[in-house]
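Beneath this line is the structure, given in structure tokens, with notes to follow.
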Amino acid sequence: MNTHRSPFVLNPLWVKGLRERCRLKHMLTWGIIWLTLGTFVFLMTYITMVEQEVSSKADAAKAALPGILVIQAVILMLFGTGAVASGISKERDEDLLAYIRMTPMSPTAKVVGYLFGLPAREYLLVAATMPLVLIIVVISGFSLYTLGHFYLVFFTSVLVYHMTALVVGMVSPRPRLASLMSMGLVVLLYFALPNLSRLGITFFEFLTIRPTFLGLVQQELPPGLRAVAESNGMDSYRPVPFFSGAVGPTVYTLLVQGFLVASMFSILHRKWRHQSNHLFSKPGALIVFSGIVVFTLASIWAVIAQDDAYSRLFDPLGRSQRSGRVPETLLVLLMAGFVIVCGAYIFLITAITPSRDRTKAGIRQARRRGEGRIRFASDAASSLPAALVMIAVGVASATSLIILAVNHGDYIASPPSAASAAAVVLLMVSIGLFVQGVAESASIRVFGVVVFVLWVIPFFTMIILMAAFEAFRAGLYVGQPFPPVSIGFAMSWMLETAAPPAGYTDGFRFLPPSDAVDLIPPRIAYSGVIGYVGAAALVQMIRFRRRKKLWAA
């Protein structure tokens with residue numbers, strides 16, 4: 001048997017998916033439903049506009065196209081994603097994946113086979129609706145280039161959602177919940193995260209088809225519908241600011257989606273090799289983290305450096321009465337970036353940190369090889385070296401943004417004080433070491449409990465103190481364990497120590513104003529720094545003693 005067969009030719013899992021999900025009775029039932037719905041949308045729009053003499057036949061046909069595209073998106077992105085999640089979960093629950101794992105197929109062939117085999121019915125249903133699109137093109141003369149451009153992004157977006165469902169199904173501790181979890185992630189990717197573009201983080205929006213759908217297709221719509229779309233702000237298909245330049249929207253979309261697909265493919269490839277493998281290798285986690293930092297840094301950098309990017313994001317209608325850019329905007333950008341990078345750091349560190357049993361197995365293997373340490377790339381190796389690299393990348397990125405803001409001169413006119421800058425750096429380093437130490441010293445469940453007790457409860461308490469009792473200073477002290485609070489206050493103090501830009505006279509208070517409560521920024525910021533430095537040192541000491549005992553055993 002040829003064990004090196006291409007994953008794209010006669011994949012047995014494609015045949016399996018076609019036989020299981022594309023039986024004649026099922027295809028007839030679903031085909032009639034979706035074709036009837038698509039035909040109704042087309043005829044309702046086209047005939048009504050023509051008979052009521054609202055527009056010409058060509059414009060009426062163009063107006064019907066968005067409805068057909070939405071139907072196709074629902075079939076593949078909603079039902080197709082559910083089919084992938086439920087299908088892989090069912091096979092995992094029935095232990096069929098263990099059998100597939102023993103077959104001579106390569107991990108790549110297995111990934112590709114399930115990726116296109118499980119949603120085979122949905123792909124055929126979309127193909128069944130394509131004649132309606134062709135009819136519209138013939139009647140309206142719709143640009144084939146524009147349509148092909150749209151479908152390129154459409155299918156890459158579908159690939160992102162199906163890969164998400166496949167990853168959830170492979171790694172979920174409860175396979176039967178994988179379908180629900182994957183649908184929740186799709187909602188998060190499509191509706192929640194794209195809203196971060198309002199804070200300057202643009203790349204989440206390009207994980208969806210919205211910019212292309214509202215841009216390329218909108219260009220071909222009748223003038224009346226185009227005016228409605230533009231009046232509602234549906235004009236996001238434009239060059240994307242990237243560092244000090246700009247990238248074409250399609251190229252940017254493919255970059256963002258390609259990065260996410262490659263990251264998820266790495267997870268699936270490792271899980272197909274062995275179910276107990278970590279989600280990422282140590283080098284893989286560093287690459288993924290660096291990619292997230294680059295996309296985040298590029299978005300924030302562009303807003304700071306480019307006047308056009310700033311005005312489009314924070315003053316799209318040109319109504320600002322202030323001269324120059326305000327420091328509050330810089331704080332918002334820095335905090336948004338910190339939350340994203342911190343979230344990625346926590347996820348990746350927990351994904352590559354070995355359990356106690358995995359560490360013991362790695363120690364035994366190292367001893368058999370006559371080595372005094374576990375190799376860095378091994379899943380059993382400590383995640384501390386990778387954590388230190390990630391922390392260094394994060395600190396370097398934040399430093400570069402502050403230097404850029406000082407050089408640009410629109411936010412702050414002079415460098416922050418050494419004490420305030422050191423407070424921010426120490427906080428970032430100590431928070432990172434604290435997270436890594438807890439993750440390596442405890443199980444994932446204990447890690448979650450520790451995070452909830454030490455982060456969420458103080459944050460809720462802070463909100464109650466501020467909202468109910470107006471105890472702002474006490475609330476800030478109580479909320480210091482929650483990283484966004486401690487980092488946010490340290491950053492605001494750091495910006496307050498720099499001279500304001502010319503023409504800015506409103507002050508630098510980002511938290512409750514000084515005339516309402518007697519705030520002492522250095523003292524509050526120092527409390528967060530001292531607390532996290534002590535916590536990080538304690539946790540790292542516990543981690544070190546634990547690993548020392550494992551080596552001595």
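By convention in this document, the chains of the structure tokens carry letters A, B, ... by their order, each chain's residues are numbered from 1, and ligands are numbered from 1 in the order they are shown.
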As a PyMOL selection string, please: the residues near Ala498 in chain A (cut-off 12 Å, only C-alpha atoms, same-chain neighbours under 5 positions excluded). chain A and resi 327+402-403+405-406+409+411-421+491-493+507-508
If we count only C-alpha atoms, what is near Leu147 in chain A at a cut-off of 12 Å, once residues fewer than 5 positions away on the same chain are taken out, given as a VMD selection string? chain A and resid 62 65 to 66 69 130 133 to 134 136 to 137 141 to 142 152 to 154 212 to 213 215 to 220
Selected residues written out with N, CA and C atoms, as a PDB file, in the first residue's frame:
```pdb
ATOM      1  N   LYS A  62     -28.968  42.437  -9.868  1.00  0.00           N
ATOM      2  CA  LYS A  62     -27.874  42.707  -8.937  1.00  0.00           C
ATOM      3  C   LYS A  62     -28.374  42.809  -7.501  1.00  0.00           C
ATOM      4  N   LEU A  65     -28.614  39.508  -5.681  1.00  0.00           N
ATOM      5  CA  LEU A  65     -27.419  38.719  -5.393  1.00  0.00           C
ATOM      6  C   LEU A  65     -27.067  38.653  -3.904  1.00  0.00           C
ATOM      7  N   PRO A  66     -27.094  39.769  -3.149  1.00  0.00           N
ATOM      8  CA  PRO A  66     -26.733  39.657  -1.728  1.00  0.00           C
ATOM      9  C   PRO A  66     -27.550  38.623  -0.971  1.00  0.00           C
ATOM     10  N   LEU A  69     -26.108  35.212  -1.669  1.00  0.00           N
ATOM     11  CA  LEU A  69     -24.821  35.042  -0.992  1.00  0.00           C
ATOM     12  C   LEU A  69     -25.000  34.809   0.505  1.00  0.00           C
ATOM     13  N   MET A 130     -25.620  27.611  -7.046  1.00  0.00           N
ATOM     14  CA  MET A 130     -24.805  28.399  -7.968  1.00  0.00           C
ATOM     15  C   MET A 130     -25.515  28.751  -9.274  1.00  0.00           C
ATOM     16  N   VAL A 133     -26.841  32.134  -9.061  1.00  0.00           N
ATOM     17  CA  VAL A 133     -25.810  33.167  -9.204  1.00  0.00           C
ATOM     18  C   VAL A 133     -25.469  33.366 -10.681  1.00  0.00           C
ATOM     19  N   LEU A 134     -25.387  32.280 -11.425  1.00  0.00           N
ATOM     20  CA  LEU A 134     -25.080  32.394 -12.855  1.00  0.00           C
ATOM     21  C   LEU A 134     -26.192  33.122 -13.602  1.00  0.00           C
ATOM     22  N   ILE A 136     -28.109  35.427 -12.369  1.00  0.00           N
ATOM     23  CA  ILE A 136     -27.957  36.836 -12.020  1.00  0.00           C
ATOM     24  C   ILE A 136     -26.836  37.481 -12.834  1.00  0.00           C
ATOM     25  N   VAL A 137     -25.722  36.757 -12.993  1.00  0.00           N
ATOM     26  CA  VAL A 137     -24.597  37.286 -13.753  1.00  0.00           C
ATOM     27  C   VAL A 137     -24.995  37.511 -15.205  1.00  0.00           C
ATOM     28  N   GLY A 141     -24.971  41.297 -15.952  1.00  0.00           N
ATOM     29  CA  GLY A 141     -23.621  41.618 -16.388  1.00  0.00           C
ATOM     30  C   GLY A 141     -22.688  41.888 -15.224  1.00  0.00           C
ATOM     31  N   PHE A 142     -22.977  41.283 -14.088  1.00  0.00           N
ATOM     32  CA  PHE A 142     -22.165  41.456 -12.886  1.00  0.00           C
ATOM     33  C   PHE A 142     -20.728  41.043 -13.186  1.00  0.00           C
ATOM     34  N   LEU A 152     -13.262  33.976  -3.422  1.00  0.00           N
ATOM     35  CA  LEU A 152     -11.956  33.613  -2.861  1.00  0.00           C
ATOM     36  C   LEU A 152     -11.939  33.865  -1.358  1.00  0.00           C
ATOM     37  N   VAL A 153     -12.362  35.063  -0.968  1.00  0.00           N
ATOM     38  CA  VAL A 153     -12.403  35.393   0.456  1.00  0.00           C
ATOM     39  C   VAL A 153     -13.494  34.599   1.162  1.00  0.00           C
ATOM     40  N   PHE A 154     -14.597  34.347   0.480  1.00  0.00           N
ATOM     41  CA  PHE A 154     -15.704  33.582   1.061  1.00  0.00           C
ATOM     42  C   PHE A 154     -15.236  32.188   1.479  1.00  0.00           C
ATOM     43  N   THR A 212     -15.150  42.347   2.589  1.00  0.00           N
ATOM     44  CA  THR A 212     -15.239  42.045   1.153  1.00  0.00           C
ATOM     45  C   THR A 212     -16.682  42.116   0.665  1.00  0.00           C
ATOM     46  N   PHE A 213     -17.598  41.556   1.442  1.00  0.00           N
ATOM     47  CA  PHE A 213     -19.007  41.566   1.051  1.00  0.00           C
ATOM     48  C   PHE A 213     -19.533  42.997   0.940  1.00  0.00           C
ATOM     49  N   GLY A 215     -17.781  45.620   0.445  1.00  0.00           N
ATOM     50  CA  GLY A 215     -16.952  46.424  -0.425  1.00  0.00           C
ATOM     51  C   GLY A 215     -17.047  46.033  -1.881  1.00  0.00           C
ATOM     52  N   LEU A 216     -16.528  44.849  -2.198  1.00  0.00           N
ATOM     53  CA  LEU A 216     -16.525  44.412  -3.588  1.00  0.00           C
ATOM     54  C   LEU A 216     -17.933  44.300  -4.152  1.00  0.00           C
ATOM     55  N   VAL A 217     -18.821  43.605  -3.424  1.00  0.00           N
ATOM     56  CA  VAL A 217     -20.175  43.413  -3.932  1.00  0.00           C
ATOM     57  C   VAL A 217     -20.931  44.729  -3.947  1.00  0.00           C
ATOM     58  N   GLN A 218     -20.687  45.574  -2.945  1.00  0.00           N
ATOM     59  CA  GLN A 218     -21.374  46.863  -2.873  1.00  0.00           C
ATOM     60  C   GLN A 218     -21.080  47.725  -4.096  1.00  0.00           C
ATOM     61  N   GLN A 219     -19.859  47.596  -4.640  1.00  0.00           N
ATOM     62  CA  GLN A 219     -19.507  48.396  -5.809  1.00  0.00           C
ATOM     63  C   GLN A 219     -20.381  48.095  -7.014  1.00  0.00           C
ATOM     64  N   GLU A 220     -20.943  46.895  -7.032  1.00  0.00           N
ATOM     65  CA  GLU A 220     -21.753  46.484  -8.168  1.00  0.00           C
ATOM     66  C   GLU A 220     -23.249  46.644  -7.914  1.00  0.00           C
TER      67      GLU A 220
END
```
Find the residue from A:Lys282, A:His269, A:Lys25, A:Arg364 that sits nearest to Met163 in chain A; use only C-alpha atoms when measuring.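 Among A:Lys282, A:His269, A:Lys25, A:Arg364, it is A:His269 that comes nearest to Met163 in chain A.
Between Val15 in chain A and the residues A:Phe116, A:Tyr190, A:Tyr123, A:Tyr252, the shortest atom-to-atom distance, using only C-alpha atoms, involves A:Phe116.
Distance check against Glu328 in chain A using only C-alpha atoms: of A:Leu495, A:Phe289, A:Thr253, A:Phe472, the minimum falls on A:Leu495.
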Let me make sure I understand: among A:Arg92, A:Arg270, A:Arg121, A:Lys110, which one has the smallest atom-to-atom distance to Cys22 in chain A if we use only C-alpha atoms?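 Using only C-alpha atoms, the shortest distance to Cys22 in chain A belongs to A:Arg121.
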Mind checking which residues fall within 9 Å of Ser182 in chain A, counting only C-alpha atoms, ignoring those fewer than 4 positions away in the same chain, and posting them as number ranges by chain? A: 81-82, 85, 161-162, 164-169, 177-178, 186-187
Using only C-alpha atoms, the residue out of A:Ala61, A:Ala377, A:Leu331, A:Ile352 with shortest distance to Glu496 in chain A is A:Leu331
Hey, can you check how far CA of Leu18 in chain A sits from CA of Ile32 in chain A?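 So the two atoms, CA of Leu18 in chain A and CA of Ile32 in chain A, lie 18.6 Å apart.
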Nearest candidate to Leu268 in chain A (options A:Ser355, A:Phe242, A:Phe434, A:Phe280; using only C-alpha atoms):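 When distances to Leu268 in chain A are compared using only C-alpha atoms, the smallest one comes from A:Phe280.
Atom pair CA of Arg101 in chain A / CA of Arg358 in chain A: separated by 21.5 Å.
Pairwise distance (CA of Asp379 in chain A, CA of Phe452 in chain A) equals 26.5 Å.
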If we count only C-alpha atoms, what is near Gly80 in chain A at a cut-off of 6 Å, once residues fewer than 4 positions away on the same chain are taken out, given as a list in words?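 Within the cut-off, the hits are Leu76, Pro119 and Glu122 of chain A.
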Leu13 in chain A surroundings by only C-alpha atoms, 7 Å radius, close-in-sequence under 3 positions cut, as a PyMOL selection string: chain A and resi 16-17+113-114+117
How would the residues just chosen look if you wrote them out with N, CA and C atoms as a PDB file, in the first residue's frame?
```
ATOM      1  N   LYS A  16     -15.760   8.663   2.449  1.00  0.00           N
ATOM      2  CA  LYS A  16     -16.542   8.335   3.638  1.00  0.00           C
ATOM      3  C   LYS A  16     -17.575   9.417   3.929  1.00  0.00           C
ATOM      4  N   GLY A  17     -17.161  10.693   3.825  1.00  0.00           N
ATOM      5  CA  GLY A  17     -18.086  11.790   4.071  1.00  0.00           C
ATOM      6  C   GLY A  17     -19.202  11.850   3.054  1.00  0.00           C
ATOM      7  N   GLY A 113      -8.881  15.427   4.841  1.00  0.00           N
ATOM      8  CA  GLY A 113     -10.012  14.536   4.621  1.00  0.00           C
ATOM      9  C   GLY A 113     -11.208  14.898   5.466  1.00  0.00           C
ATOM     10  N   TYR A 114     -11.008  15.122   6.744  1.00  0.00           N
ATOM     11  CA  TYR A 114     -12.125  15.500   7.610  1.00  0.00           C
ATOM     12  C   TYR A 114     -12.599  16.924   7.332  1.00  0.00           C
ATOM     13  N   GLY A 117     -14.500  16.422   4.064  1.00  0.00           N
ATOM     14  CA  GLY A 117     -15.410  15.290   4.030  1.00  0.00           C
ATOM     15  C   GLY A 117     -16.618  15.467   4.927  1.00  0.00           C
TER      16      GLY A 117
END
```
Contacts between range 543-553 of chain A and range 327-443 of chain A, please, where a residue of range 327-443 of chain A counts if it comes within 7 Å (with only C-alpha atoms); show its shortest atom pair and distance in Å to one decimal, rows by chain and ascending number, as CSV.
```
residue,atom,partner,partner_atom,distance
A:Lys360,CA,A:Leu550,CA,6.6
A:Ile363,CA,A:Trp551,CA,6.8
A:Gly437,CA,A:Arg543,CA,5.9
A:Glu440,CA,A:Arg543,CA,6.7
A:Ser441,CA,A:Arg543,CA,5.4
```
How about saving the chosen residues, C-alpha atoms kept, as an mmCIF file, in the first residue's frame?
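Final output, selection.cif:
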```
data_model
loop_
_atom_site.group_PDB
_atom_site.id
_atom_site.type_symbol
_atom_site.label_atom_id
_atom_site.label_comp_id
_atom_site.auth_asym_id
_atom_site.auth_seq_id
_atom_site.Cartn_x
_atom_site.Cartn_y
_atom_site.Cartn_z
ATOM 1 C CA LYS A 360 8.308 12.922 35.060
ATOM 2 C CA ILE A 363 12.966 13.383 33.064
ATOM 3 C CA GLY A 437 4.627 29.755 37.496
ATOM 4 C CA GLU A 440 3.456 24.911 35.755
ATOM 5 C CA SER A 441 2.873 24.398 39.469
#
```
